[in-house]
file upload_9.cif (mmCIF, C-alpha atoms)
data_start
#
loop_
_atom_site.label_atom_id
_atom_site.label_comp_id
_atom_site.auth_asym_id
_atom_site.auth_seq_id
_atom_site.Cartn_x
_atom_site.Cartn_y
_atom_site.Cartn_z
CA MET J 27 88.10 83.74 121.68
CA ILE J 28 90.25 84.28 124.79
CA LYS J 29 93.77 85.45 124.04
CA LEU J 30 96.25 83.11 125.69
CA SER J 31 98.43 85.75 127.35
CA PHE J 32 100.73 85.06 130.30
CA SER J 33 98.02 85.90 132.81
CA ASN J 34 95.34 83.87 131.02
CA LEU J 35 97.76 80.97 130.81
CA SER J 36 98.47 81.19 134.54
CA ILE J 37 94.74 80.96 135.31
CA LEU J 38 94.37 78.01 132.94
CA ILE J 39 97.29 76.23 134.63
CA CYS J 40 95.93 76.88 138.13
CA VAL J 41 92.39 75.80 137.33
CA THR J 42 93.61 72.70 135.47
CA ILE J 43 95.82 71.61 138.37
CA ILE J 44 93.14 72.22 140.99
CA SER J 45 90.49 70.51 138.82
CA CYS J 46 92.70 67.43 138.52
CA PHE J 47 92.90 67.24 142.31
CA VAL J 48 89.16 67.81 142.70
CA PHE J 49 88.14 65.12 140.22
CA SER J 50 90.76 62.61 141.30
CA ASN J 51 89.96 62.87 145.01
CA LYS J 52 86.17 62.77 144.46
CA TYR J 53 85.30 63.90 147.98
CA TRP J 54 81.66 64.29 147.03
CA ARG J 55 81.31 60.50 146.95
CA GLY J 56 81.58 60.28 150.73
CA GLU J 57 78.17 60.46 152.40
CA HIS J 58 79.56 62.60 155.23
CA LYS J 59 81.86 64.74 153.08
CA VAL J 60 81.38 68.22 151.59
CA ILE J 61 78.13 68.99 153.46
CA GLU J 62 79.75 68.87 156.87
CA SER J 63 80.87 71.17 159.69
CA ASP J 64 80.00 74.86 159.06
CA VAL J 65 78.67 73.96 155.61
CA LEU J 66 75.66 72.34 157.30
CA SER J 67 74.56 75.79 158.48
CA TYR J 68 75.41 77.65 155.27
CA TYR J 69 73.60 75.06 153.20
CA GLY J 70 70.57 74.42 155.41
CA TYR J 71 68.63 77.38 154.01
CA LEU J 72 68.27 75.67 150.62
CA PRO J 73 66.63 72.32 151.47
CA SER J 74 64.53 74.10 154.11
CA THR J 75 63.24 76.54 151.50
CA PHE J 76 62.97 74.50 148.31
CA ILE J 77 62.41 70.95 149.56
CA TYR J 78 60.79 71.10 152.99
CA GLN J 79 59.33 74.60 152.51
CA ASP J 80 59.59 75.45 156.19
CA LEU J 81 62.17 77.98 157.39
CA SER J 82 60.84 77.64 160.93
CA LEU J 83 62.51 74.18 160.82
CA GLN J 84 59.56 72.43 162.44
CA PHE J 85 59.85 69.74 159.75
CA TRP J 86 63.05 68.58 161.45
CA ASP J 87 61.06 66.54 164.00
CA GLU J 88 59.63 64.36 161.23
CA LEU J 89 62.93 63.54 159.53
CA ASP J 90 64.98 60.39 159.57
CA SER J 91 67.79 60.66 162.14
CA ASN J 92 70.45 60.56 159.38
CA ILE J 93 69.00 63.73 157.84
CA GLN J 94 68.36 65.32 161.24
CA ASN J 95 72.08 65.14 161.94
CA LYS J 96 72.74 67.17 158.80
CA ILE J 97 70.56 70.12 159.77
CA TRP J 98 72.22 72.38 162.33
CA PHE J 99 70.33 75.14 164.05
CA LYS J 100 70.26 77.16 167.26
CA THR J 101 67.28 77.12 169.62
CA ASN J 102 66.57 80.21 171.73
CA ILE J 103 64.69 80.41 175.01
CA GLU J 104 61.39 80.65 173.13
CA GLU J 105 62.23 77.32 171.42
CA GLU J 106 62.56 79.08 168.06
CA ARG J 107 64.96 77.42 165.63
CA THR J 108 67.40 79.52 163.64
CA PHE J 109 70.39 78.80 161.43
CA LYS J 110 73.64 79.93 163.03
CA MET J 111 75.24 81.22 159.82
CA THR J 112 73.96 84.02 157.62
CA MET J 113 72.66 83.08 154.17
CA GLY J 114 75.30 84.66 151.93
CA VAL J 115 76.99 81.38 151.01
CA ALA J 116 73.59 79.83 150.20
CA TYR J 117 73.17 82.46 147.46
CA PHE J 118 76.17 80.91 145.70
CA TYR J 119 75.04 77.33 146.24
CA CYS J 120 71.52 78.01 144.98
CA PRO J 121 71.78 77.78 141.14
CA LEU J 122 73.52 74.40 141.01
CA PHE J 123 71.50 73.19 144.01
CA LEU J 124 68.35 73.66 141.92
CA VAL J 125 69.96 71.79 139.02
CA ALA J 126 70.93 68.95 141.37
CA HIS J 127 67.43 68.87 142.83
CA HIS J 128 65.81 68.46 139.42
CA LEU J 129 68.31 65.82 138.32
CA SER J 130 68.54 63.75 141.52
CA THR J 131 65.41 61.63 140.94
CA PRO J 132 66.09 60.92 137.22
CA LEU J 133 69.63 59.89 138.23
CA GLY J 134 68.29 57.49 140.86
CA TYR J 135 69.09 59.47 144.03
CA ASP J 136 66.82 60.62 146.83
CA ASN J 137 65.91 64.26 146.38
CA ASN J 138 66.22 65.07 150.10
CA GLY J 139 68.96 67.67 149.63
CA TYR J 140 71.86 65.59 150.93
CA THR J 141 72.64 62.92 148.36
CA LEU J 142 75.53 62.81 145.86
CA PRO J 143 74.14 65.28 143.25
CA TYR J 144 73.75 67.95 145.93
CA ARG J 145 77.27 67.40 147.26
CA LEU J 146 78.70 67.52 143.75
CA SER J 147 76.85 70.78 143.08
CA ILE J 148 78.72 72.42 145.96
CA VAL J 149 82.07 71.12 144.69
CA LEU J 150 81.43 72.50 141.21
CA THR J 151 80.19 75.81 142.62
CA SER J 152 83.38 76.26 144.64
CA LEU J 153 85.57 75.46 141.63
CA LEU J 154 83.58 77.91 139.49
CA PHE J 155 83.94 80.84 141.90
CA TYR J 156 87.62 80.06 142.54
CA THR J 157 88.08 80.45 138.78
CA LEU J 158 85.98 83.61 138.55
CA GLY J 159 87.87 85.09 141.49
CA LEU J 160 91.17 84.57 139.67
CA ILE J 161 89.73 86.15 136.50
CA LEU J 162 88.66 89.24 138.45
CA ILE J 163 92.02 89.52 140.19
CA ARG J 164 93.65 89.39 136.76
CA LYS J 165 91.45 92.24 135.51
CA SER J 166 92.30 94.38 138.54
CA LEU J 167 96.04 93.74 138.42
CA LEU J 168 96.31 94.43 134.69
CA SER J 169 95.17 97.98 135.45
CA HIS J 170 98.57 98.55 137.04
CA PHE J 171 100.97 95.70 136.26
CA SER J 172 102.35 93.78 133.31
CA GLU J 173 101.10 90.44 132.01
CA LEU J 174 104.09 88.62 133.53
CA VAL J 175 103.73 90.19 136.98
CA THR J 176 99.99 89.48 136.97
CA ALA J 177 100.58 85.88 135.92
CA VAL J 178 103.13 85.21 138.67
CA THR J 179 100.95 86.88 141.31
CA ILE J 180 98.00 84.68 140.31
CA LEU J 181 100.15 81.54 140.48
CA ILE J 182 101.30 82.43 144.00
CA ILE J 183 97.80 83.06 145.32
CA ALA J 184 96.07 80.23 143.48
CA LEU J 185 98.63 77.47 144.08
CA GLY J 186 100.93 78.71 146.83
CA THR J 187 98.41 79.34 149.62
CA ASN J 188 95.91 77.48 151.74
CA ILE J 189 93.06 78.33 149.35
CA VAL J 190 93.80 75.02 147.59
CA ASN J 191 92.28 73.10 150.49
CA TYR J 192 89.05 75.07 150.30
CA VAL J 193 88.52 74.18 146.66
CA ILE J 194 89.69 70.57 146.81
CA LYS J 195 88.94 69.05 150.22
CA GLU J 196 86.57 71.47 151.98
CA PRO J 197 84.88 73.24 149.07
CA GLY J 198 81.66 74.19 150.82
CA MET J 199 83.30 76.52 153.33
CA SER J 200 82.71 80.24 152.93
CA HIS J 201 86.25 81.32 152.04
CA VAL J 202 86.27 80.75 148.28
CA PHE J 203 83.02 82.70 148.01
CA SER J 204 84.42 85.57 150.09
CA PHE J 205 87.54 85.40 147.91
CA PHE J 206 85.43 85.83 144.77
CA SER J 207 83.26 88.56 146.30
CA ILE J 208 86.21 90.65 147.47
CA ALA J 209 87.86 90.16 144.06
CA ALA J 210 84.65 91.57 142.54
CA PHE J 211 84.69 94.38 145.11
CA LEU J 212 88.24 95.33 144.10
CA HIS J 213 87.42 95.19 140.39
CA LEU J 214 84.27 97.29 140.77
CA GLY J 215 86.05 99.78 143.01
CA ILE J 216 88.70 100.32 140.34
CA LEU J 217 86.02 100.55 137.63
CA TRP J 218 84.12 103.22 139.51
CA GLU J 219 87.34 105.18 140.05
CA LYS J 220 87.77 105.27 136.28
CA THR J 221 84.19 105.74 135.05
CA LYS J 222 82.18 107.22 137.94
CA LYS J 223 79.18 105.33 136.51
CA THR J 224 76.20 104.80 138.79
CA LYS J 225 75.80 101.15 137.75
CA HIS J 226 79.30 100.34 138.98
CA LEU J 227 78.62 101.89 142.39
CA PHE J 228 75.28 100.07 142.63
CA MET J 229 77.04 96.79 141.87
CA LEU J 230 79.77 97.69 144.36
CA GLY J 231 77.11 98.24 147.02
CA ALA J 232 75.44 94.95 146.17
CA ILE J 233 78.69 93.00 146.34
CA SER J 234 79.51 94.74 149.65
CA GLY J 235 76.20 93.51 151.04
CA LEU J 236 77.04 90.02 149.84
CA ILE J 237 80.50 90.19 151.44
CA VAL J 238 78.90 91.07 154.78
CA LEU J 239 76.25 88.38 154.38
CA ILE J 240 78.88 85.70 153.77
CA ARG J 241 81.05 86.65 156.75
CA PRO J 242 80.00 89.79 158.66
CA VAL J 243 83.55 90.45 159.89
CA ASN J 244 84.55 91.26 156.30
CA ILE J 245 82.68 94.56 156.50
CA THR J 246 86.19 95.94 157.05
CA VAL J 247 86.66 96.02 153.24
CA VAL J 248 84.67 99.25 153.25
CA LEU J 249 87.75 100.91 154.77
CA PHE J 250 89.72 100.00 151.68
CA PHE J 251 87.21 101.70 149.40
CA LEU J 252 86.83 104.82 151.55
CA PHE J 253 90.56 105.58 151.45
CA LEU J 254 91.29 104.33 147.94
CA GLY J 255 93.80 106.67 146.27
CA VAL J 256 94.51 108.64 149.45
CA TYR J 257 98.22 109.23 150.06
CA ASN J 258 98.37 112.73 151.59
CA LYS J 259 96.19 115.55 152.91
CA ASP J 260 95.30 116.88 149.47
CA SER J 261 94.27 113.47 148.14
CA LEU J 262 92.14 112.94 151.27
CA THR J 263 90.38 116.25 150.60
CA ARG J 264 89.76 115.22 146.99
CA ARG J 265 88.38 111.88 148.15
CA ILE J 266 85.92 113.55 150.50
CA GLN J 267 84.88 115.98 147.77
CA LEU J 268 84.35 113.06 145.39
CA PHE J 269 81.92 111.41 147.81
CA VAL J 270 80.10 114.67 148.50
CA THR J 271 79.75 115.40 144.77
CA ASN J 272 78.49 111.90 144.04
CA TYR J 273 76.31 111.48 147.13
CA LYS J 274 73.33 110.36 145.04
CA GLN J 275 75.42 107.53 143.58
CA LEU J 276 76.54 106.59 147.09
CA LEU J 277 72.92 106.35 148.19
CA ILE J 278 72.21 104.08 145.24
CA GLY J 279 75.22 101.96 146.24
CA ILE J 280 73.86 101.68 149.78
CA LEU J 281 70.51 100.66 148.29
CA GLY J 282 72.26 97.88 146.39
CA GLY J 283 73.75 96.58 149.63
CA CYS J 284 70.41 96.76 151.43
CA MET J 285 68.68 94.76 148.70
CA VAL J 286 71.10 91.88 149.25
CA ILE J 287 70.86 91.97 153.05
CA ILE J 288 67.06 92.41 153.39
CA PRO J 289 66.26 88.67 152.92
CA GLN J 290 68.46 87.90 155.94
CA LEU J 291 66.67 90.52 158.06
CA LEU J 292 63.30 89.12 156.99
CA TYR J 293 64.44 85.60 157.91
CA TRP J 294 65.56 86.72 161.37
CA LYS J 295 62.28 88.57 161.89
CA TYR J 296 60.33 85.49 160.81
CA SER J 297 62.30 82.98 162.86
CA THR J 298 63.03 85.00 166.04
CA GLY J 299 60.82 88.09 166.01
CA ASP J 300 63.88 90.37 165.84
CA TRP J 301 65.19 92.17 162.76
CA VAL J 302 68.78 91.62 163.86
CA TYR J 303 69.73 88.47 165.72
CA TYR J 304 73.06 87.32 167.13
CA SER J 305 73.03 83.58 166.51
CA TYR J 306 76.48 82.73 167.89
CA SER J 307 75.27 82.58 171.52
CA GLU J 308 78.27 82.54 173.86
CA GLU J 309 80.81 82.86 171.04
CA GLY J 310 82.30 86.33 170.71
CA PHE J 311 85.32 88.61 170.51
CA PHE J 312 87.99 89.53 173.05
CA PHE J 313 89.05 92.94 171.78
CA THR J 314 91.44 93.56 174.66
CA ASP J 315 93.37 90.41 173.78
CA SER J 316 93.71 90.18 170.00
CA LYS J 317 96.05 87.32 169.05
CA ILE J 318 97.58 88.94 165.96
CA PHE J 319 101.08 87.51 166.47
CA SER J 320 99.74 84.00 167.08
CA GLY J 321 97.40 84.27 164.11
CA LEU J 322 100.33 85.11 161.86
CA PHE J 323 103.12 82.95 163.26
CA SER J 324 101.76 80.20 165.50
CA PHE J 325 102.19 76.62 164.33
CA ARG J 326 98.54 76.23 165.30
CA ASN J 327 97.27 77.37 161.88
CA GLY J 328 99.42 80.52 161.74
CA TRP J 329 98.98 82.28 158.39
CA LEU J 330 102.62 82.83 157.45
CA ILE J 331 103.65 79.37 158.66
CA TYR J 332 101.34 77.57 156.22
CA SER J 333 101.15 80.22 153.46
CA PRO J 334 104.63 81.79 153.71
CA LEU J 335 104.54 83.20 150.16
CA MET J 336 101.98 85.74 151.35
CA ALA J 337 104.74 87.40 153.37
CA PHE J 338 105.75 88.96 150.04
CA SER J 339 102.44 90.86 150.04
CA LEU J 340 103.22 92.46 153.39
CA ILE J 341 106.71 93.40 152.23
CA GLY J 342 105.26 94.88 149.05
CA LEU J 343 103.19 97.33 151.11
CA PHE J 344 106.33 99.36 151.81
CA TYR J 345 107.72 99.56 148.29
CA LYS J 346 108.13 103.02 146.82
CA ASN J 347 106.33 102.93 143.51
CA GLU J 348 103.27 104.67 142.13
CA VAL J 349 100.89 101.73 142.50
CA VAL J 350 101.75 101.07 146.14
CA ARG J 351 101.64 104.82 146.80
CA LYS J 352 98.06 104.91 145.53
CA TYR J 353 96.87 101.96 147.60
CA ARG J 354 99.08 102.00 150.71
CA LEU J 355 96.91 104.25 152.87
CA SER J 356 93.81 102.29 151.97
CA LEU J 357 95.43 98.89 152.49
CA ILE J 358 97.38 99.42 155.71
CA PRO J 359 94.46 100.69 157.85
CA PHE J 360 92.24 97.97 156.39
CA ILE J 361 94.80 95.23 157.12
CA LEU J 362 95.46 96.43 160.67
CA VAL J 363 91.76 96.70 161.53
CA HIS J 364 90.95 93.40 159.82
CA PHE J 365 93.75 91.50 161.57
CA TYR J 366 92.77 93.04 164.90
CA ILE J 367 89.12 91.99 164.59
CA VAL J 368 89.76 88.57 163.05
CA PHE J 369 92.26 87.58 165.74
CA SER J 370 90.07 88.91 168.55
CA TRP J 371 87.62 86.07 167.85
CA TRP J 372 87.43 83.65 170.75
CA CYS J 373 88.77 80.84 168.58
CA TRP J 374 91.58 82.78 166.90
CA TRP J 375 92.90 79.60 165.17
CA TYR J 376 89.41 79.06 163.64
CA GLY J 377 88.96 75.45 164.63
CA GLY J 378 89.81 72.77 162.10
CA SER J 379 91.80 74.48 159.36
CA TYR J 380 94.62 74.14 156.91
CA GLY J 381 96.43 77.32 157.85
CA MET J 382 94.64 80.55 158.70
CA ARG J 383 91.53 80.10 156.58
CA SER J 384 89.97 83.38 157.71
CA LEU J 385 92.56 85.38 155.73
CA ILE J 386 91.87 83.65 152.40
CA ASP J 387 88.98 86.08 152.01
CA ILE J 388 91.25 89.12 151.61
CA TYR J 389 93.79 87.64 149.18
CA PRO J 390 92.37 89.73 146.30
CA LEU J 391 93.25 92.96 148.12
CA LEU J 392 96.64 91.59 149.14
CA SER J 393 97.29 90.78 145.47
CA ILE J 394 98.17 94.45 144.90
CA PRO J 395 101.19 94.68 147.22
CA LEU J 396 102.10 91.11 146.26
CA ALA J 397 102.20 92.15 142.61
CA ALA J 398 104.31 95.19 143.58
CA PHE J 399 106.84 92.83 145.17
CA VAL J 400 106.83 90.55 142.13
CA SER J 401 107.24 93.58 139.84
CA ASP J 402 110.29 94.73 141.74
CA VAL J 403 111.89 91.29 141.53
CA THR J 404 111.20 90.85 137.81
CA ASN J 405 112.77 94.24 137.10
CA ASN J 406 115.84 93.48 139.17
CA LEU J 407 119.12 91.62 138.75
CA LYS J 408 119.10 88.20 137.11
CA TRP J 409 120.31 86.38 140.22
CA LYS J 410 117.43 87.85 142.24
CA LYS J 411 114.95 86.54 139.65
CA ILE J 412 116.51 83.09 139.92
CA VAL J 413 116.39 83.10 143.72
CA PHE J 414 112.79 84.30 143.70
CA THR J 415 111.78 81.63 141.17
CA VAL J 416 113.42 78.86 143.21
CA ILE J 417 111.83 80.06 146.46
CA THR J 418 108.40 80.44 144.88
CA ALA J 419 108.46 77.06 143.14
CA SER J 420 109.73 75.35 146.32
CA LEU J 421 107.06 76.90 148.52
CA ILE J 422 104.29 76.04 146.06
CA GLY J 423 105.56 72.46 146.15
CA LEU J 424 105.67 72.58 149.97
CA ASN J 425 102.12 73.90 150.04
CA PHE J 426 100.80 70.91 148.11
CA PHE J 427 102.89 68.50 150.16
CA GLN J 428 101.55 69.95 153.41
CA PHE J 429 98.02 69.96 152.03
CA ASN J 430 98.45 66.23 151.40
CA GLN J 431 99.66 65.83 155.00
CA TYR J 432 96.59 67.73 156.21
CA LYS J 433 94.36 65.56 154.04
CA HIS J 434 95.73 62.45 155.76
CA THR J 435 95.65 64.03 159.25
CA ILE J 436 99.43 64.02 159.53
CA LEU J 437 99.38 67.80 159.75
CA HIS J 438 96.82 68.26 162.53
CA TYR J 439 93.88 70.60 161.99
CA ASP J 440 94.12 72.50 165.32
CA SER J 441 96.87 71.11 167.55
CA MET J 442 100.18 71.65 165.75
CA THR J 443 103.26 72.83 167.65
CA PHE J 444 106.81 73.60 166.52
CA GLN J 445 107.92 70.17 167.73
CA ALA J 446 105.08 68.45 165.88
CA TYR J 447 105.78 70.45 162.73
CA LYS J 448 109.48 69.59 162.89
CA HIS J 449 108.62 65.93 163.42
CA ILE J 450 106.44 65.69 160.30
CA PHE J 451 108.30 68.11 158.02
CA LEU J 452 108.52 66.61 154.49
CA LYS J 453 107.40 63.21 155.79
CA ARG J 454 104.66 61.06 154.30
CA HIS J 455 104.46 58.78 157.33
CA VAL J 456 105.06 59.50 161.01
CA SER J 457 105.66 57.34 164.07
CA GLU J 458 102.93 56.56 166.58
CA ASP J 459 104.55 58.73 169.25
CA TYR J 460 103.94 61.80 167.06
CA VAL J 461 100.81 62.58 169.08
CA LYS J 462 102.88 63.50 172.12
CA TYR J 463 104.03 66.64 170.30
CA LEU J 464 100.50 67.88 169.71
CA ASP J 465 98.88 70.50 171.94
CA HIS J 466 95.10 70.19 171.80
CA PRO J 467 93.31 73.52 172.44
CA ASN J 468 90.79 73.78 175.25
CA TYR J 469 87.69 75.15 173.54
CA LYS J 470 85.74 75.62 176.77
CA LYS J 471 88.47 77.79 178.27
CA ALA J 472 88.85 79.69 174.99
CA LEU J 473 85.18 80.65 175.14
CA GLN J 474 85.91 82.25 178.50
CA GLY J 475 88.92 84.16 177.18
CA ASP J 476 91.78 81.76 178.06
CA ARG J 477 93.02 81.41 174.47
CA ASP J 478 96.73 80.62 174.80
#
call {"tool": "encode", "arguments": {"input": "upload_9.cif", "output": "structure tokens"}}
result
Amino acid sequence: MIKLSFSNLSILICVTIISCFVFSNKYWRGEHKVIESDVLSYYGYLPSTFIYQDLSLQFWDELDSNIQNKIWFKTNIEEERTFKMTMGVAYFYCPLFLVAHHLSTPLGYDNNGYTLPYRLSIVLTSLLFYTLGLILIRKSLLSHFSELVTAVTILIIALGTNIVNYVIKEPGMSHVFSFFSIAAFLHLGILWEKTKKTKHLFMLGAISGLIVLIRPVNITVVLFFLFLGVYNKDSLTRRIQLFVTNYKQLLIGILGGCMVIIPQLLYWKYSTGDWVYYSYSEEGFFFTDSKIFSGLFSFRNGWLIYSPLMAFSLIGLFYKNEVVRKYRLSLIPFILVHFYIVFSWWCWWYGGSYGMRSLIDIYPLLSIPLAAFVSDVTNNLKWKKIVFTVITASLIGLNFFQFNQYKHTILHYDSMTFQAYKHIFLKRHVSEDYVKYLDHPNYKKALQGDRD
């Protein structure tokens, strides 16, 4: 039986609230909901493999036009068809997809991969891994912080950030699955630090491979592990010695990662003839023009505009306590490199989003400095606790209010400006002239590097 501690209670509250939204909104009922946008590419591996049994995608020509529109792929100069996204997210979809596939006909639905049971399976999968991600964050934080601090940190991340949208309204997107995987990465990294057991490093390698296979840019998490516990020259020397001493375990960890990634390499070889294939065509990075400031503060999906509570995690990085001291020199280089790469992407605002969705992935690692901030507040003067509680509760409320605006297209998915934000702030309805405040991005120019 699970002990109902503060941190367990916080997870129960978060999951209950989010579940109520999920099952009251019932997005899976819409024929063109859930399996839409990028999800079409993440998901396409499953019906192609288990239903149509043709990863070359030649079956597409024989499909009804309604199903054809749901299968996205790239075609190269040799007319070979390949899914744009890597298959990491499909690994998560797979178990409940198979359940949905076996139940669809008995329930009276077409078993073509795109009817209601399949959509519902993705919704439930997202909710499951959101919950598991919170459980793993709890385990990691309790290694260093109290029950109360852990509970408050979980509430902030789970209810006070843009992750709510990617469990409730757009559950098939990759971010909840990256969130879970990086939470597992953190937990396993801490476990290996304590036990030095080979199985933990093998699992760490496997989860690292999965992280890369979900979103390749998240390979930056390796930086966090390499410098974990480094805070001066002596600790760096000890870290290097640790890796040298345990080189056999490291090789086993790398093997774990390779085992996860090999199916993707085999797919690319089968579909294109190349072991490694860049499927994004003209889309790429502009490393000489990283939009870090815009990514953090722009009203066009800026991270700290739409998830302002996460500013506490950045502040917490500079606190002088033992926990932050242990993690600071692994977190700061990781954050700087990750921000630089993420915001060098041609579409730095990441298209249609509620806030900066690309940073949801790393919330588990940011939970450490966030918890350090919360710990400092809870150990401080009473009036500071009151102010913090009021601010946190208010911003969680604002987050749900703005999510509701986003849901009803009041808060625009890619064209917000300061004037537009000011016009809709705390409003449920807006005037028709609201559109004049929007600034629609030019995607064609952005592809060429004009990304302002």
call {"tool": "residues_around", "arguments": {"input": "upload_9.cif", "residues": "Val350 (chain J)", "least_positions_apart": "4", "cutoff": "8 Å", "atoms": "all atoms listed in the file", "output": "list of chain:residue names"}}
result
J:Gly342, J:Leu343, J:Phe344, J:Tyr345, J:Lys346, J:Arg354, J:Ile394, J:Pro395, J:Ala398
call {"tool": "resolve_selection", "arguments": {"input": "upload_9.cif", "expression": "the PyMOL selection byres ((chain J and resi 127) around 12)", "output": "ChimeraX atom specification"}}
result
/J:72-73,76-77,119-126,128-147
call {"tool": "residues_around", "arguments": {"input": "upload_9.cif", "residues": "Asn272 (chain J)", "least_positions_apart": "6", "cutoff": "12 Å", "atoms": "all atoms listed in the file", "output": "list in words"}}
result
Trp218, Glu219, Lys222, Lys223, Thr224, Leu227, Arg265, Ile266, Ile278 and Gly279 of chain J
call {"tool": "residues_around", "arguments": {"input": "upload_9.cif", "residues": "region 250-253 of chain J", "least_positions_apart": "6", "cutoff": "7 Å", "atoms": "all atoms listed in the file", "output": "list in words"}}
result
Gly215, Leu355, Ser356, Leu357 and Phe360 of chain J
call {"tool": "closest_atom_pairs", "arguments": {"input": "upload_9.cif", "of": "region 77-186 of chain J", "to": "region 41-52 of chain J", "cutoff": "10 Å", "atoms": "all atoms listed in the file", "output": "CSV"}}
result
residue,atom,partner,partner_atom,distance
J:Leu146,CA,J:Lys52,CA,8.9
J:Val149,CA,J:Val48,CA,8.1
J:Leu150,CA,J:Val48,CA,9.2
J:Leu153,CA,J:Ser45,CA,7.5
J:Leu154,CA,J:Val41,CA,9.3
J:Tyr156,CA,J:Val41,CA,8.2
J:Thr157,CA,J:Val41,CA,6.5
J:Leu160,CA,J:Val41,CA,9.2
J:Ala184,CA,J:Val41,CA,8.4
J:Leu185,CA,J:Ile44,CA,8.2
call {"tool": "closest_residue", "arguments": {"input": "upload_9.cif", "among": "J:Tyr68, J:Leu236, J:Glu57, J:Leu181", "to": "Asn92 (chain J)", "atoms": "only C-alpha atoms"}}
result
J:Glu57
call {"tool": "closest_residue", "arguments": {"input": "upload_9.cif", "among": "J:Ser401, J:Leu254, J:Pro467, J:Glu196", "to": "Leu174 (chain J)", "atoms": "all atoms listed in the file"}}
result
J:Ser401
call {"tool": "atom_distance", "arguments": {"input": "upload_9.cif", "atom1": "CA of Ile148 (chain J)", "atom2": "CA of Val60 (chain J)"}}
result
7.5 Å
call {"tool": "residues_around", "arguments": {"input": "upload_9.cif", "residues": "Val248 (chain J)", "least_positions_apart": "2", "cutoff": "12 Å", "atoms": "all atoms listed in the file", "output": "PyMOL selection string"}}
result
chain J and resi 208+211-212+215+230-231+233-235+237-238+242-246+250-254+280+283+356-357+359-361+363-364+391
call {"tool": "closest_residue", "arguments": {"input": "upload_9.cif", "among": "J:Pro390, J:Gly475, J:Pro289, J:Gly381", "to": "Tyr192 (chain J)", "atoms": "all atoms listed in the file"}}
result
J:Gly381
call {"tool": "atom_distance", "arguments": {"input": "upload_9.cif", "atom1": "CA of Arg477 (chain J)", "atom2": "CA of Phe444 (chain J)"}}
result
17.7 Å
call {"tool": "closest_residue", "arguments": {"input": "upload_9.cif", "among": "J:Asn425, J:Ser441, J:Ser36, J:Thr221", "to": "Thr176 (chain J)", "atoms": "only C-alpha atoms"}}
result
J:Ser36
call {"tool": "axis_aligned_box", "arguments": {"input": "upload_9.cif", "around": "region 106-125 of chain J", "padding_each_side": "6 Å", "output": "AutoDock Vina command-line options"}}
result
--center_x 69.8 --center_y 78.2 --center_z 153.5 --size_x 26.4 --size_y 24.9 --size_z 41.0
call {"tool": "atom_distance", "arguments": {"input": "upload_9.cif", "atom1": "CA of Glu62 (chain J)", "atom2": "CA of Asn95 (chain J)"}}
result
9.9 Å
